[in-house]
Structure formats: structure tokens, C-alpha cells
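Here the structure comes first, spelled out in C-alpha cells, and everything after it is commentary.
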Protein chains: 2
Amino acid sequence: VSKGAAGPTERGFIGVGLLGMGVVGTGVAEALSIHGSFLQESVGLPLKLQGILVRDAGRSRSALVDSSLITTQSKDVLENPEVDIVIELMGGEDAALPAIRGTLADGRSVVTGNKEVMAKHGAGLLAMARAKGASLKFEAAVGGAIPVISALERGVTGARVRALRAIINGTTNYILTRMAVEGMAFEDALSDAQAQGYAEADPGNDINGTDAAYKLAVLATLAYGSPVSPESIYCEGIGHLTPRDFRYAHDLGYAIKLLAIAKEIGDGELDVRVHPAFIASDAQLAKVDGVYNAVQFDSDSAGELLLYGRGAGSGPTTSAVLSDLIEVARRLTGHGGPQSRQTPGTGSRVRPIDELDFRYYLRLTVSDQPGVLAAIARILGDASISIASVIQQEVDETAGSAEIVITTHRARESALRDATGKLTALDVVREIGSIIRVEE
Amino acid sequence: VSKGAAGPTERGFIGVGLLGMGVVGTGVAEALSIHGSFLQESVGLPLKLQGILVRDAGRSRSALVDSSLITTQSKDVLENPEVDIVIELMGGEDAALPAIRGTLADGRSVVTGNKEVMAKHGAGLLAMARAKGASLKFEAAVGGAIPVISALERGVTGARVRALRAIINGTTNYILTRMAVEGMAFEDALSDAQAQGYAEADPGNDINGTDAAYKLAVLATLAYGSPVSPESIYCEGIGHLTPRDFRYAHDLGYAIKLLAIAKEIGDGELDVRVHPAFIASDAQLAKVDGVYNAVQFDSDSAGELLLYGRGAGSGPTTSAVLSDLIEVARRLTGHGGPQSRQTPGTGSRVRPIDELDFRYYLRLTVSDQPGVLAAIARILGDASISIASVIQQEVDETAGSAEIVITTHRARESALRDATGKLTALDVVREIGSIIRVEE
């Protein structure tokens, strides 16, 4: 397939192909149907939908969208010479990756909200777009309406990012907020999130941190100009947290958030990870509640920058797709519009979590008998882990068990892992309830 | 003066002229001296400083900057055919406005941090830039390192802004934070801000809200695509606030912030104003403390978006200038880079503050005698202002005076003004200490 002989200018419009017609796809299609010609003012040419790929042609669709555009044949969209820009909203890798690749190979531009594809193949796809003179925009893949990708594209050259900390999964942040504010159990908060439409029926990728890790891979790749693959990111979910952890966190002056973190740590190495973390309750990120997302950058010269907004939902995501679309369209008509600024280079190493140092919060259920704390302290001391604070509470008199909560000074993750192995082996330790890193 | 015959590509570099060498100008000059050729990678050509206009040639300058570039003759910079981009960092209107106009008229691009010029002449200058095919970038004029201009340029088309609320003056926010947290008097907090370098020796434009109004004019013009002049903005400073106001605010569940607000209110009218305001203490903006700035947008489809960061200081501002410079330079080399997206149209009307409704906080010093509250309530009632809450406290037994704090339901500003005139005329009212609007 080659680019149609007539370009958008000769043709008198910019042709848009849409792959996928879920909630966001429908929003985009409706906006183009209603406002496509209105956009002529800012773009220079009207935008016209040329085809919409769907899986199930039988489903009922928005009355605002011309039904003759709907097709189940991808070639009707991808091989249409009057399609200048393809909007990919199918999600997943299988069909989306070849569609994006084929479009870019053809010198045509792509707007996508696909975090999985961008996380796994972003660096290569961006290089391909650059080589072909095409645009690849993906604001909708991370942070919904928060213009974090454009901030990174704009900002990285002016101010070097030293650290990036983000709350980039609305489902888990909603659940954690309910657990913190109302003392709900994880399962109840999850059910509630599903009832509210904030969690999918199969919430696995959100709960276990995979979704956040995909988005973090995209952000870290842009921020550090070095491809960071999702597999290289240490990832831990929120399913094991209990209301007790939130109570202790509160008493100790912390909030618990699922953080996505990427930092430069010298020697060309990066610290990149997703896990629940204690953060000081007066930190900006601690105040990000519910389905809101936020991305915080620390940079050399510009200090701290925080972008906060709705991270998901059809409105914000549709808005991000349309903004990208308009930028790409403006570029096609010579009205400017940024292309991504830097090509990811050849790799910083992501330092394994075992080689990093953290402060920890540990919650243990132990036998309520003398000498327990001494035994625990000895094991930690032997592993060079020093204790910062201890809270001991009687929990269950009939079971004869007590709860011990320990916060540590900075210690190597591998040392902590060894020590917790030994703690588990102690007769008096019945269970290690939680181990949560403290983010400083 | 006409553009040099040789463009940047033939010449092999992009020439940059700098007007002004204060702290930010020095930072920019040093960055270009050190990194100018390094930028070749992202820009496509090296950036070379061609001239630096200063007022006082005798002052000692950074050793990192080639002193032969320094001149006191503006023509050495502005009429140099090898200058493609002019960076204006002189501030004020007198010299800056003709320099910016002349450069744009010539088809060359401008990066400026000049909020006064952009506030007063932004719409016209942007139209001129567009007509001449030049770029005019001004991220550094508002919000320091916070990429609020690029967010607006990017976002307005995708999501219509309904309301914009901002803390955009670091000096006043620092002072208000000290007053709130430590109960300091205004004068002491101001002295402290000056000692810390957060307030100028002559802090008038910050304290009386003018600086915030300039920035708000720039933001509102971009957000609503309609020129908003600084003169049309109701503007009130912070000099009259007392520690007592902060104590009452805290007790009532509010923070006091100098807010810059712009809202669409229907009928093609805008509500645009700068004044100290009560905002609920759990609102995001209430948590923006010290020299930090934040801009919050409410939009139709994208929900709430907040951008937070250091609003001033040489580092953040330098970073904003360099980001703009790189975007403009990339456009010159055909690597893209956005131009501002919309031309301000022909004016929404800014509705005068007298025609707007607010809830109010009033603090009055009154004679400590029976019937005072009844007399006050009668005047408010006659003006159709209903009282939401009253706090009455004895303040000074020797003076026989008490303090009454009233919060009202929504009332017309003109009605409140009439009522406070009548209150002042009452014998029993010794002073109206404060009138502060509540922002909801």
C-alpha cells in the first residue's frame, strides 16, 4: 500500500481512520462527525472520518456516526488511500501492533491510547515514525487528560528529570482511598470500585500493577531517553494490603499509595519500580485521592512539578486523543505541531530491586510471649538492618498472638529478604503480614 | 531590516540574540554557551549566541559567556542578519515592546518572559507572528517552570475550559503561607520574604495583585480565545489581611489564597478577577504553599486538571525559556514544534465585579453593647444579604469593643458594597476589618 497520490491539501480534507469503537472510540467518532469541519479553523482543513474498524458489525452504534463508515475489514481502513491518520483504540498487542507498524511504514501518522504497545515497542515505533517522517502520538496511553507526554516532550531538554513519581492507575488509587478513608477491606473496596465502574470485571492488570508498569515504561523511556521495557520494572500489586496497614500508616504520619517510580541513580543506571509505598502524608502525592492521577517530576533546574487530573474515563481519554489528533493534523497542513523530540538512545541499565536500599515498614503477627522482640531484633541486627521504631500491640488474647510493627532505617532489599526468610522460620513469628517500602 | 539572505540551514547554525542579562538572561546565555552545539542533536543545527544587549556594559558578567557578544546597542542584536530568534528578557514595556514588534515584523521569532507585554499586547503580537510566519513563545511569562501555556495551546481544542483558578504569584503565596502557618503579621511576613529573596525591594506589583493580573490576562486570553486586557480585570491585593483573618478562616474550614480566576459565565461573558479568597481547606489549591504556584482548569470533558510547580526563580524560568527556544529552533529546522493554535477572536465581555454574586466573610470591630448584631443584621437583611454564620468575640474590654465575624450566603457585590457603606455609618461599628470573597 502506498500513500494516496493526492495529499490532504489537493484532496481538500484530512482523512481519519479509526480502529476500535468502544467508549473512547465512539466519543472520538462522534466528535469528528459533529466537529470535523469546525476544526478547519485551527487545522487548516476539515477532518473527515473515512472508516471505522469494529469487531462486531451487528452491535448498535451511536446515531451520530455515519453507519456506512463501519467495517469489520481492517483493510477498508488501513489500505484506504484517503486515510492520512489512523487512530488506534483497540488495545492489546495482537491486532494493534501490526496496524500501527503498517501505518507508520507507509509514512502515515498514528494516534494511539495503547499503553501496552507503547510500553513494549514504543522506542522502536518512535524511531520508525521518525525515519518515515510520520507522527506517532500517545498522550491517551498515560494519565488520561493529564498532558504528561507533551510535558515530557517539551520539558526534558530544558530541564533534566532526576526523578519521576506517579500515581497512574485510577482503579487502585480509588481502592486505596476507600481503604484509607473508610477502613474497608481490599475485597470490599474492589467490589465497590467495580460497582462504580472504576474497575473492570477482570481487574487483574490494574490490581497487580501491570497497567501502572506499562505506563511507567512509557514515561521512563521518554524522561530518560533510554528504552525501559515493562519486563525490567519491578512490580508489586495492592491485593495483600489490609485496613490495619492503613491505620498504622496514618498513626506513623504516612499515606499508602501505589507508586510508579523512575529515578536516575548514577552510573547510567535507573531505579524503576511499581509497588505500594508509604509516603509522608503531607507530600503532594499523598493528597491525590480517588480516581485522580498525578505525575510528579523532580528536575535539576525547574524544581518539583506536579501534573494532576483525571487519569481515566471516557471524557478525559477522548479529550487526549482529540488533542493528539489535532496536533498531527496541524502538522500535515504545515501549521506546526510537535514531533517527539528525542530518540531513545541505547539503554540505561535498570538496577535490580535487590541492589537498592529502602526504609521499610514490617507488620508481623507473633506469639504473645517474652523475648519475641529480642529475637526479631537480633535477626534484623545480624542483617545490618537497624530499627527506627517499634509498635507492639496485643491483638488476640484467645489466640495468644500480638502484632509488632517495625519501621527500619535504610537497608538493602536483598538483606531484608534474607532477614524476613529467617523471621518466618522463627517459631514465635506466626506471619509476616506486610512489608511496605517507604518512599522518601 | 530584512532577514539575512542566508537562512539557518545554509549558514549551518541558528543565531540567537539575547535582550537583557539579569539572572535568567545569564542562565540562558550560560546554557547556550555550554550546550549550544550539544543541542544540534535535538534541533538539527547548533544554536549560537550572536549578541547580548545589556544596559550597563561595565558590570561584571559570567565568565562562561563570551564577553565580545555583549553590547549596549540594540541594533547590534536586532539588526544582526544572523539572528534568527530573539530572546527578550528585559521586562517592562518601554524597550521590550518595540523590540518584540520589530523582530516579528521582520519574520523572525521571539521567546519572551515578559508578562506585562503579553498581558497588554499579546493578542496583537500573536496575530502579527502568525501573519509573518514567525513564532512567539512566552511560557516563562506565566508560572515559571509549569508548562501551562503549552497545556493551554494543546488542550483548549480538545477540551473546552469552563473555569481556571490559579495561584500565580509566588511572593504573595509565600507571605500568605507564613501568615497562615505562623500567625505572622503581613509586614513581618513581607520582610521575611524580602530577606529570603522571594520579594523584591519594591514589592508593589506583587502585593497589590498586578503581577497576578498580568499573568491572568495571558492565561484567560489563551483559554477563552478572546483578548482579556489587564485593565478589565478586577484586582485586589493582600496588604489588608491580618493574622486574625487566617485564624477565623482556619476555624471555618478555609484557607486564604490570592486567587486569579477566569470563568465562562454564559451570554459570552467572562468573570475574571484577582483577589484574596477563602477556599475550602481540602481543595487542591488550598494545599499549594510557599513559593509554589498552581493552575487548575475545569473543563467540559476532561474534568479537573491541576498543574503545580515552582512559579518563579531563575532555575524554573530559565528552563521555561530554553524549552521555548528549542521548540522555536526545531520549527526553523523543520523538526516541528507547535505554533500557538488559535487566534484570539473579538472579545467576550468581562462582567464587572459589581454584577457578580459571591459568598462573603466580613470581620467587624463593634462597640460591645446590646443590639449591635441586630442593627448589623437589619442592614444586611435590607440589602437582601442573608447571613450564613456569625461568630462574636470580646476582643478588648478596656476599649469596650468586640469583634463580629459574619459569613453570608450568595449576594450581589453591589448590594454588599451598599450595605458595608451603611454599616460603616453606624455608630456602633468602629471598623470593617476585612471583606473577603469565598470561592466555591
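Chain labels run A, B, ... following the order of the C-alpha cells; each chain numbers its residues from 1, and ligands are numbered from 1 in the order shown.
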Residues within 6 Å of A:Leu47, only C-alpha atoms, excluding chain neighbours under 2 positions, as a VMD selection string
chain A and resid 13 to 14 36
Output as a ChimeraX atom specification all residues of stretch 198-432 of chain A that backbone DSSP marks as strand (DSSP E).
/A:234-235,254-264,269-280,292-299,303-310,336-338,349-350,357-367,387-396,401-408,411-412,429-432
Show which residues sit within 10 Å of A:Glu88, as a list in words. Count only C-alpha atoms, and ignore same-chain residues fewer than 2 positions away.
Gly17, Leu18, Leu19, Gly20, Met21, Gly25, Leu53, Ile85, Val86, Met90, Gly91, Ala95, Ala96, Leu97, Ala99, Ile100, Val110, Val111, Thr112, Gly113, Asn114, Phe138 and Val321 of chain A
Out of stretch 259-398 of chain B, which residues get helix (DSSP H, G or I) from DSSP, as a PyMOL selection string?
chain B and resi 284-287+314-332+353-355+372-382
If we count only C-alpha atoms and set the cut-off at 8 Å, which residues sit around B:Met118, ignoring sequence neighbours fewer than 4 positions away in its own chain? Please answer as an NGL selection string.
:B and (114 or 122-123 or 125 or 138 or 141 or 214 or 218)
Writing out the chosen residues with all heavy atoms as a PDB file, in the first residue's frame:
ATOM      1  N   ASN B 114       8.071  38.115  29.249  1.00  0.00           N
ATOM      2  CA  ASN B 114       7.521  39.418  29.625  1.00  0.00           C
ATOM      3  C   ASN B 114       5.997  39.374  29.785  1.00  0.00           C
ATOM      4  O   ASN B 114       5.247  39.494  28.823  1.00  0.00           O
ATOM      5  CB  ASN B 114       7.902  40.432  28.535  1.00  0.00           C
ATOM      6  CG  ASN B 114       7.737  41.854  29.003  1.00  0.00           C
ATOM      7  OD1 ASN B 114       6.752  42.189  29.640  1.00  0.00           O
ATOM      8  ND2 ASN B 114       8.724  42.682  28.690  1.00  0.00           N
ATOM      9  N   GLY B 122      -0.603  40.923  23.953  1.00  0.00           N
ATOM     10  CA  GLY B 122      -0.418  39.548  23.493  1.00  0.00           C
ATOM     11  C   GLY B 122      -1.230  39.203  22.257  1.00  0.00           C
ATOM     12  O   GLY B 122      -0.704  38.633  21.293  1.00  0.00           O
ATOM     13  N   ALA B 123      -2.523  39.540  22.276  1.00  0.00           N
ATOM     14  CA  ALA B 123      -3.388  39.147  21.155  1.00  0.00           C
ATOM     15  C   ALA B 123      -2.863  39.736  19.847  1.00  0.00           C
ATOM     16  O   ALA B 123      -2.754  39.043  18.827  1.00  0.00           O
ATOM     17  CB  ALA B 123      -4.824  39.590  21.415  1.00  0.00           C
ATOM     18  N   LEU B 125       0.225  40.802  19.175  1.00  0.00           N
ATOM     19  CA  LEU B 125       1.537  40.255  18.819  1.00  0.00           C
ATOM     20  C   LEU B 125       1.407  38.850  18.244  1.00  0.00           C
ATOM     21  O   LEU B 125       2.118  38.486  17.305  1.00  0.00           O
ATOM     22  CB  LEU B 125       2.454  40.249  20.053  1.00  0.00           C
ATOM     23  CG  LEU B 125       2.869  41.640  20.568  1.00  0.00           C
ATOM     24  CD1 LEU B 125       3.629  41.512  21.889  1.00  0.00           C
ATOM     25  CD2 LEU B 125       3.720  42.382  19.539  1.00  0.00           C
ATOM     26  N   PHE B 138       6.018  32.259  25.014  1.00  0.00           N
ATOM     27  CA  PHE B 138       6.059  33.052  26.245  1.00  0.00           C
ATOM     28  C   PHE B 138       5.759  32.227  27.484  1.00  0.00           C
ATOM     29  O   PHE B 138       5.187  32.719  28.443  1.00  0.00           O
ATOM     30  CB  PHE B 138       5.081  34.229  26.130  1.00  0.00           C
ATOM     31  CG  PHE B 138       3.717  33.815  25.622  1.00  0.00           C
ATOM     32  CD1 PHE B 138       2.675  33.594  26.496  1.00  0.00           C
ATOM     33  CD2 PHE B 138       3.495  33.645  24.262  1.00  0.00           C
ATOM     34  CE1 PHE B 138       1.423  33.195  26.042  1.00  0.00           C
ATOM     35  CE2 PHE B 138       2.246  33.239  23.799  1.00  0.00           C
ATOM     36  CZ  PHE B 138       1.211  33.019  24.690  1.00  0.00           C
ATOM     37  N   ALA B 141       6.528  33.624  30.878  1.00  0.00           N
ATOM     38  CA  ALA B 141       5.789  34.775  31.394  1.00  0.00           C
ATOM     39  C   ALA B 141       4.800  34.381  32.487  1.00  0.00           C
ATOM     40  O   ALA B 141       4.433  35.201  33.317  1.00  0.00           O
ATOM     41  CB  ALA B 141       5.042  35.475  30.255  1.00  0.00           C
ATOM     42  N   TYR B 214      -1.606  40.467  35.351  1.00  0.00           N
ATOM     43  CA  TYR B 214      -0.932  40.345  34.052  1.00  0.00           C
ATOM     44  C   TYR B 214      -0.941  38.889  33.590  1.00  0.00           C
ATOM     45  O   TYR B 214      -1.274  38.576  32.448  1.00  0.00           O
ATOM     46  CB  TYR B 214       0.530  40.816  34.149  1.00  0.00           C
ATOM     47  CG  TYR B 214       0.721  42.317  34.191  1.00  0.00           C
ATOM     48  CD1 TYR B 214       1.869  42.863  34.760  1.00  0.00           C
ATOM     49  CD2 TYR B 214      -0.212  43.194  33.647  1.00  0.00           C
ATOM     50  CE1 TYR B 214       2.082  44.247  34.804  1.00  0.00           C
ATOM     51  CE2 TYR B 214      -0.018  44.567  33.685  1.00  0.00           C
ATOM     52  CZ  TYR B 214       1.128  45.086  34.262  1.00  0.00           C
ATOM     53  OH  TYR B 214       1.320  46.442  34.292  1.00  0.00           O
ATOM     54  N   VAL B 218      -2.980  36.878  30.354  1.00  0.00           N
ATOM     55  CA  VAL B 218      -2.374  35.988  29.356  1.00  0.00           C
ATOM     56  C   VAL B 218      -3.104  34.642  29.331  1.00  0.00           C
ATOM     57  O   VAL B 218      -3.474  34.135  28.258  1.00  0.00           O
ATOM     58  CB  VAL B 218      -0.875  35.793  29.659  1.00  0.00           C
ATOM     59  CG1 VAL B 218      -0.268  34.782  28.704  1.00  0.00           C
ATOM     60  CG2 VAL B 218      -0.122  37.126  29.588  1.00  0.00           C
TER      61      VAL B 218
END
